[in-house]
file model.txt (compact mmCIF, C-alpha atoms and all ligand atoms)
# COMPACT_ATOMS: atom_id res chain seq x y z
CA MET Y 300 -32.73 -77.20 11.00
CA ASN Y 301 -32.33 -77.97 7.31
CA ASN Y 302 -35.80 -79.46 7.16
CA PHE Y 303 -37.24 -76.03 7.93
CA ILE Y 304 -35.65 -74.41 4.88
CA PRO Y 305 -37.89 -74.27 1.80
CA ASP Y 306 -36.44 -75.16 -1.60
CA ILE Y 307 -38.29 -72.21 -3.10
CA TYR Y 308 -39.71 -69.11 -1.44
CA VAL Y 309 -42.03 -66.78 -3.35
CA LYS Y 310 -44.74 -64.29 -2.48
CA ASN Y 311 -47.77 -66.37 -3.45
CA ILE Y 312 -49.05 -69.19 -5.66
CA PHE Y 313 -49.11 -66.84 -8.66
CA SER Y 314 -45.36 -66.13 -8.40
CA ILE Y 315 -44.28 -69.72 -9.01
CA ASP Y 316 -42.72 -70.73 -12.33
CA TYR Y 317 -44.83 -73.83 -12.99
CA LYS Y 318 -43.28 -74.40 -16.42
CA LYS Y 319 -39.88 -74.62 -14.75
CA LEU Y 320 -41.25 -77.08 -12.18
CA LYS Y 321 -42.51 -79.20 -15.06
CA GLN Y 322 -39.10 -79.05 -16.76
CA ASP Y 323 -37.51 -80.10 -13.47
CA GLY Y 324 -39.60 -83.27 -13.47
CA ILE Y 325 -42.45 -82.25 -11.17
CA LYS Y 326 -45.63 -84.11 -12.13
CA CYS Y 327 -47.82 -83.40 -9.12
CA ILE Y 328 -48.30 -80.45 -6.77
CA LEU Y 329 -49.79 -80.65 -3.29
CA PHE Y 330 -51.48 -77.38 -2.37
CA ASP Y 331 -52.17 -76.25 1.15
CA LEU Y 332 -55.58 -74.58 1.39
CA ASP Y 333 -55.84 -72.09 4.26
CA ASN Y 334 -53.96 -68.87 3.61
CA THR Y 335 -52.27 -70.44 0.58
CA ILE Y 336 -55.15 -70.86 -1.91
CA ALA Y 337 -57.60 -68.65 -0.01
CA PRO Y 338 -57.82 -66.67 3.23
CA ILE Y 339 -59.65 -68.58 5.96
CA SER Y 340 -62.60 -66.19 5.74
CA GLU Y 341 -63.32 -67.20 2.13
CA ASN Y 342 -65.15 -70.40 1.33
CA LYS Y 343 -64.63 -70.67 -2.40
CA PRO Y 344 -61.77 -70.18 -4.87
CA SER Y 345 -61.41 -66.79 -6.57
CA LYS Y 346 -61.55 -66.39 -10.34
CA ASP Y 347 -57.76 -65.91 -10.42
CA VAL Y 348 -57.25 -69.14 -8.51
CA LYS Y 349 -59.54 -71.01 -10.89
CA GLU Y 350 -57.59 -69.68 -13.86
CA LEU Y 351 -54.30 -70.64 -12.26
CA PHE Y 352 -55.44 -74.22 -11.67
CA SER Y 353 -56.65 -74.49 -15.22
CA TYR Y 354 -53.24 -73.22 -16.42
CA ILE Y 355 -51.43 -75.81 -14.29
CA ASP Y 356 -53.77 -78.48 -15.63
CA ASP Y 357 -52.84 -77.43 -19.18
CA LEU Y 358 -49.20 -78.03 -18.27
CA ASN Y 359 -50.25 -81.57 -17.44
CA ILE Y 360 -49.32 -81.27 -13.79
CA LYS Y 361 -51.66 -82.97 -11.33
CA THR Y 362 -52.91 -80.80 -8.45
CA ILE Y 363 -54.15 -82.09 -5.11
CA ILE Y 364 -55.27 -80.11 -2.06
CA LEU Y 365 -53.55 -81.46 1.05
CA SER Y 366 -55.07 -79.71 4.04
CA ASN Y 367 -55.07 -80.11 7.79
CA SER Y 368 -58.61 -78.69 7.79
CA LYS Y 369 -61.84 -80.65 7.90
CA LYS Y 370 -63.76 -82.05 4.96
CA ASN Y 371 -66.48 -79.37 4.95
CA ARG Y 372 -63.81 -76.65 4.62
CA VAL Y 373 -62.01 -78.40 1.76
CA ALA Y 374 -65.08 -79.63 -0.16
CA PRO Y 375 -66.14 -76.41 -1.99
CA PHE Y 376 -62.58 -75.88 -3.23
CA LYS Y 377 -62.26 -79.49 -4.36
CA GLU Y 378 -65.55 -79.23 -6.23
CA GLN Y 379 -65.08 -75.84 -7.85
CA LEU Y 380 -61.50 -76.49 -8.88
CA ASN Y 381 -62.46 -80.01 -9.91
CA ILE Y 382 -59.38 -81.56 -8.32
CA ASP Y 383 -58.58 -84.29 -5.79
CA SER Y 384 -58.09 -83.49 -2.15
CA ALA Y 385 -57.13 -84.92 1.21
CA CYS Y 386 -58.33 -83.34 4.45
CA LEU Y 387 -57.21 -83.81 8.08
CA ALA Y 388 -53.74 -84.43 6.68
CA MET Y 389 -51.92 -83.90 9.99
CA LYS Y 390 -48.97 -82.24 8.29
CA PRO Y 391 -46.05 -82.42 9.08
CA LEU Y 392 -46.60 -86.15 9.69
CA LYS Y 393 -45.54 -88.21 6.68
CA ARG Y 394 -48.47 -90.60 6.73
CA LYS Y 395 -50.93 -88.71 4.56
CA TYR Y 396 -48.29 -87.60 2.05
CA LYS Y 397 -47.32 -91.25 1.59
CA LYS Y 398 -50.90 -92.44 1.37
CA VAL Y 399 -52.03 -89.82 -1.15
CA LEU Y 400 -49.01 -90.15 -3.42
CA LYS Y 401 -49.18 -93.92 -3.38
CA MET Y 402 -52.87 -93.70 -4.30
CA PHE Y 403 -52.13 -91.54 -7.34
CA GLY Y 404 -48.85 -93.24 -8.24
CA TYR Y 405 -46.23 -90.51 -7.77
CA GLU Y 406 -42.71 -90.75 -6.37
CA PHE Y 407 -41.69 -88.10 -3.83
CA SER Y 408 -39.11 -86.82 -6.31
CA GLU Y 409 -41.90 -86.01 -8.79
CA VAL Y 410 -43.85 -83.93 -6.30
CA ALA Y 411 -43.78 -80.33 -5.02
CA ALA Y 412 -45.78 -79.02 -2.07
CA ILE Y 413 -46.85 -75.41 -1.57
CA GLY Y 414 -47.88 -73.84 1.70
CA ASP Y 415 -47.74 -70.82 3.99
CA GLN Y 416 -46.39 -72.50 7.13
CA ILE Y 417 -42.84 -73.64 7.86
CA LEU Y 418 -43.87 -75.99 10.66
CA THR Y 419 -46.47 -77.95 8.72
CA ASP Y 420 -46.12 -77.41 4.95
CA VAL Y 421 -42.36 -76.94 4.52
CA PHE Y 422 -41.25 -79.30 7.31
CA GLY Y 423 -43.71 -82.01 6.17
CA ALA Y 424 -42.58 -81.82 2.54
CA ASN Y 425 -38.88 -81.72 3.37
CA ARG Y 426 -39.15 -84.76 5.62
CA CYS Y 427 -40.52 -86.71 2.67
CA GLY Y 428 -37.99 -85.36 0.18
CA ILE Y 429 -40.69 -83.46 -1.68
CA THR Y 430 -39.75 -80.10 -3.25
CA SER Y 431 -40.97 -77.54 -0.71
CA ILE Y 432 -42.37 -74.19 -1.79
CA PHE Y 433 -43.06 -71.58 0.85
CA VAL Y 434 -45.42 -68.66 0.24
CA ASP Y 435 -46.45 -65.68 2.39
CA LYS Y 436 -49.76 -66.13 4.20
CA LEU Y 437 -52.65 -64.44 2.40
CA SER Y 438 -54.09 -62.90 5.53
CA ASP Y 439 -53.25 -62.25 9.18
CA GLU Y 440 -56.50 -63.86 10.17
CA GLU Y 441 -55.61 -67.34 11.42
CA LYS Y 442 -56.91 -70.21 13.48
CA PHE Y 443 -55.78 -70.52 17.10
CA LYS Y 444 -53.60 -73.54 16.40
CA THR Y 445 -51.88 -71.74 13.53
CA LYS Y 446 -51.16 -68.76 15.76
CA ILE Y 447 -49.33 -71.07 18.14
CA ASN Y 448 -47.37 -72.58 15.24
CA ARG Y 449 -46.40 -69.08 14.16
CA LYS Y 450 -44.66 -68.44 17.48
CA PHE Y 451 -42.38 -71.42 16.88
CA GLU Y 452 -42.03 -70.48 13.23
CA LYS Y 453 -40.80 -67.04 14.26
CA ILE Y 454 -38.10 -68.55 16.49
CA ILE Y 455 -36.97 -70.84 13.65
CA LEU Y 456 -36.92 -68.03 11.09
CA ASN Y 457 -34.97 -65.73 13.43
CA ASN Y 458 -32.48 -68.50 14.05
CA LEU Y 459 -31.96 -69.14 10.33
CA LYS Y 460 -31.63 -65.43 9.70
CA LYS Y 461 -28.95 -65.12 12.40
CA LYS Y 462 -27.00 -67.94 10.79
CA GLY Y 463 -27.32 -66.21 7.44
CA ILE Y 464 -29.01 -69.27 5.95
CA TYR Y 465 -32.37 -67.90 5.10
CA GLU Y 466 -34.18 -64.61 5.44
CA PHE Y 467 -37.90 -64.04 5.56
CA GLU Y 468 -39.29 -61.92 2.71
CA LYS Y 469 -36.11 -62.38 0.68
CA TYR Y 470 -37.72 -64.39 -2.05
CA TYR Y 471 -35.86 -66.98 -4.10
CA GLY Y 472 -37.77 -68.45 -6.99
CA ASN Y 473 -37.32 -71.59 -9.01
MG MG V 501 -52.01 -72.80 5.47
call {"tool": "encode", "arguments": {"input": "model.txt", "output": "structure tokens", "more": "lines below"}}
Ligand SMILES: [Mg+2]
result
Amino acid sequence: MNNFIPDIYVKNIFSIDYKKLKQDGIKCILFDLDNTIAPISENKPSKDVKELFSYIDDLNIKTIILSNSKKNRVAPFKEQLNIDSACLAMKPLKRKYKKVLKMFGYEFSEVAAIGDQILTDVFGANRCGITSIFVDKLSDEEKFKTKINRKFEKIILNNLKKKGIYEFEKYYGN
């Protein structure tokens, strides 16, 4: 069960203390795309998102989109944010995390991953020993596969709540 518990839980990508992450030795952040950076109905990053990525860049932290979506979904975000990306990541499998971080030369301990799903983003990161950051989904509009994941997520979250380990919407920052 521990692998389902995020290290950090905040409302959204704007609520994260990136300076603190930097101080804690994080050199690279893997961002989920759908419902983390943008709702699935939007096909380009907002002005606020662009500003945030530029701020993170100024902190000298590398950002990479790691998405389970297809290339044509990820491409406009990659281009407009001018960052690297990996699509069809098959999170929570470790393979793509390993491949991407090897390619860019980061150790798992130097990396944080942000996403809106326990079953893919948090579980995938935790399995690799990457700092996991959970955020609330930006919209209720979701793909069919995600809706199925949410049913399992709900069971996990209820279980953790019962055990007093972790409670949804009780944020704990970094
Ligand atoms: Mg997502």
call {"tool": "residues_around", "arguments": {"input": "model.txt", "residues": "Tyr396 (chain Y)", "least_positions_apart": "3", "cutoff": "12 Å", "atoms": "all atoms listed in the file", "output": "PyMOL selection string"}}
result
chain Y and resi 327-330+363-367+384-393+399-407+410-412+419-420+423-429
call {"tool": "residues_near_ligand", "arguments": {"input": "model.txt", "ligand": "ligand MG 501 (chain V)", "cutoff": "10 Å", "atoms": "only C-alpha atoms and all ligand atoms", "output": "list of chain:residue names"}}
result
Y:Phe330, Y:Asp331, Y:Leu332, Y:Asp333, Y:Asn334, Y:Thr335, Y:Ile336, Y:Ala337, Y:Pro338, Y:Ile339, Y:Leu365, Y:Ser366, Y:Asn367, Y:Ser368, Y:Ile413, Y:Gly414, Y:Asp415, Y:Gln416, Y:Ile417, Y:Thr419, Y:Asp420, Y:Val434, Y:Asp435, Y:Lys436, Y:Leu437, Y:Glu441, Y:Lys442, Y:Thr445
call {"tool": "closest_residue", "arguments": {"input": "model.txt", "among": "Y:Gln379, Y:Asn301, Y:Asn458, Y:Asn359", "to": "Tyr317 (chain Y)", "atoms": "all atoms listed in the file"}}
result
Y:Asn359
call {"tool": "residues_around", "arguments": {"input": "model.txt", "residues": "Lys318 (chain Y)", "least_positions_apart": "3", "cutoff": "9 Å", "atoms": "all atoms listed in the file", "output": "PyMOL selection string"}}
result
chain Y and resi 315+321-323+355+358
call {"tool": "atom_distance", "arguments": {"input": "model.txt", "atom1": "CA of Asp316 (chain Y)", "atom2": "CA of Ser340 (chain Y)"}}
result
27.2 Å
call {"tool": "closest_residue", "arguments": {"input": "model.txt", "among": "Y:Tyr471, Y:Phe313, Y:Phe422, Y:Tyr308", "to": "Glu350 (chain Y)", "atoms": "only C-alpha atoms"}}
result
Y:Phe313
call {"tool": "decode", "arguments": {"input": "model.txt", "residues": "region 362-389 of chain Y", "atoms": "N, CA and C atoms", "output": "short mmCIF file (atom, residue, chain, number, x, y, z; two decimals), in the first residue's frame"}}
result
data_model
loop_
_atom_site.label_atom_id
_atom_site.label_comp_id
_atom_site.auth_asym_id
_atom_site.auth_seq_id
_atom_site.Cartn_x
_atom_site.Cartn_y
_atom_site.Cartn_z
N THR Y 362 12.61 20.10 -16.96
CA THR Y 362 11.24 19.59 -16.98
C THR Y 362 11.03 18.70 -18.21
N ILE Y 363 10.36 17.60 -17.99
CA ILE Y 363 10.05 16.66 -19.08
C ILE Y 363 8.59 16.22 -18.93
N ILE Y 364 7.85 16.22 -20.04
CA ILE Y 364 6.50 15.66 -19.99
C ILE Y 364 6.61 14.15 -20.14
N LEU Y 365 6.02 13.44 -19.20
CA LEU Y 365 5.97 11.97 -19.29
C LEU Y 365 4.49 11.59 -19.30
N SER Y 366 4.01 11.22 -20.47
CA SER Y 366 2.57 11.03 -20.64
C SER Y 366 2.24 9.67 -21.21
N ASN Y 367 1.12 9.13 -20.77
CA ASN Y 367 0.64 7.87 -21.35
C ASN Y 367 -0.10 8.12 -22.66
N SER Y 368 -0.32 9.39 -22.99
CA SER Y 368 -1.04 9.72 -24.22
C SER Y 368 -0.15 9.59 -25.45
N LYS Y 369 -0.80 9.74 -26.61
CA LYS Y 369 -0.09 9.58 -27.88
C LYS Y 369 0.69 10.84 -28.24
N LYS Y 370 1.57 10.67 -29.23
CA LYS Y 370 2.47 11.74 -29.66
C LYS Y 370 1.71 13.00 -30.10
N ASN Y 371 0.64 12.83 -30.86
CA ASN Y 371 -0.07 14.02 -31.37
C ASN Y 371 -0.74 14.82 -30.26
N ARG Y 372 -1.01 14.20 -29.13
CA ARG Y 372 -1.57 14.91 -27.97
C ARG Y 372 -0.46 15.69 -27.25
N VAL Y 373 0.70 15.08 -27.15
CA VAL Y 373 1.80 15.66 -26.37
C VAL Y 373 2.53 16.77 -27.17
N ALA Y 374 2.59 16.59 -28.50
CA ALA Y 374 3.42 17.46 -29.34
C ALA Y 374 3.21 18.98 -29.16
N PRO Y 375 1.98 19.49 -29.19
CA PRO Y 375 1.82 20.95 -29.05
C PRO Y 375 2.31 21.49 -27.70
N PHE Y 376 2.23 20.67 -26.66
CA PHE Y 376 2.71 21.11 -25.35
C PHE Y 376 4.24 21.11 -25.33
N LYS Y 377 4.82 20.07 -25.90
CA LYS Y 377 6.27 19.97 -25.99
C LYS Y 377 6.83 21.17 -26.75
N GLU Y 378 6.18 21.49 -27.86
CA GLU Y 378 6.66 22.59 -28.70
C GLU Y 378 6.49 23.95 -28.03
N GLN Y 379 5.31 24.20 -27.51
CA GLN Y 379 5.04 25.53 -26.96
C GLN Y 379 5.73 25.78 -25.63
N LEU Y 380 6.00 24.71 -24.89
CA LEU Y 380 6.74 24.89 -23.63
C LEU Y 380 8.25 24.74 -23.87
N ASN Y 381 8.57 24.29 -25.08
CA ASN Y 381 9.97 24.11 -25.47
C ASN Y 381 10.72 23.20 -24.50
N ILE Y 382 10.11 22.03 -24.23
CA ILE Y 382 10.73 21.08 -23.31
C ILE Y 382 10.76 19.69 -23.96
N ASP Y 383 11.45 18.75 -23.30
CA ASP Y 383 11.48 17.38 -23.80
C ASP Y 383 10.24 16.63 -23.34
N SER Y 384 9.95 15.57 -24.05
CA SER Y 384 8.76 14.80 -23.67
C SER Y 384 8.92 13.34 -24.05
N ALA Y 385 8.12 12.51 -23.39
CA ALA Y 385 8.02 11.10 -23.74
C ALA Y 385 6.55 10.73 -23.72
N CYS Y 386 6.06 10.15 -24.81
CA CYS Y 386 4.65 9.77 -24.88
C CYS Y 386 4.53 8.25 -24.74
N LEU Y 387 3.30 7.76 -24.71
CA LEU Y 387 3.03 6.32 -24.55
C LEU Y 387 3.91 5.70 -23.46
N ALA Y 388 3.95 6.37 -22.32
CA ALA Y 388 4.91 6.01 -21.27
C ALA Y 388 4.54 4.73 -20.53
N MET Y 389 3.29 4.32 -20.62
CA MET Y 389 2.80 3.13 -19.92
C MET Y 389 3.08 3.17 -18.41
#
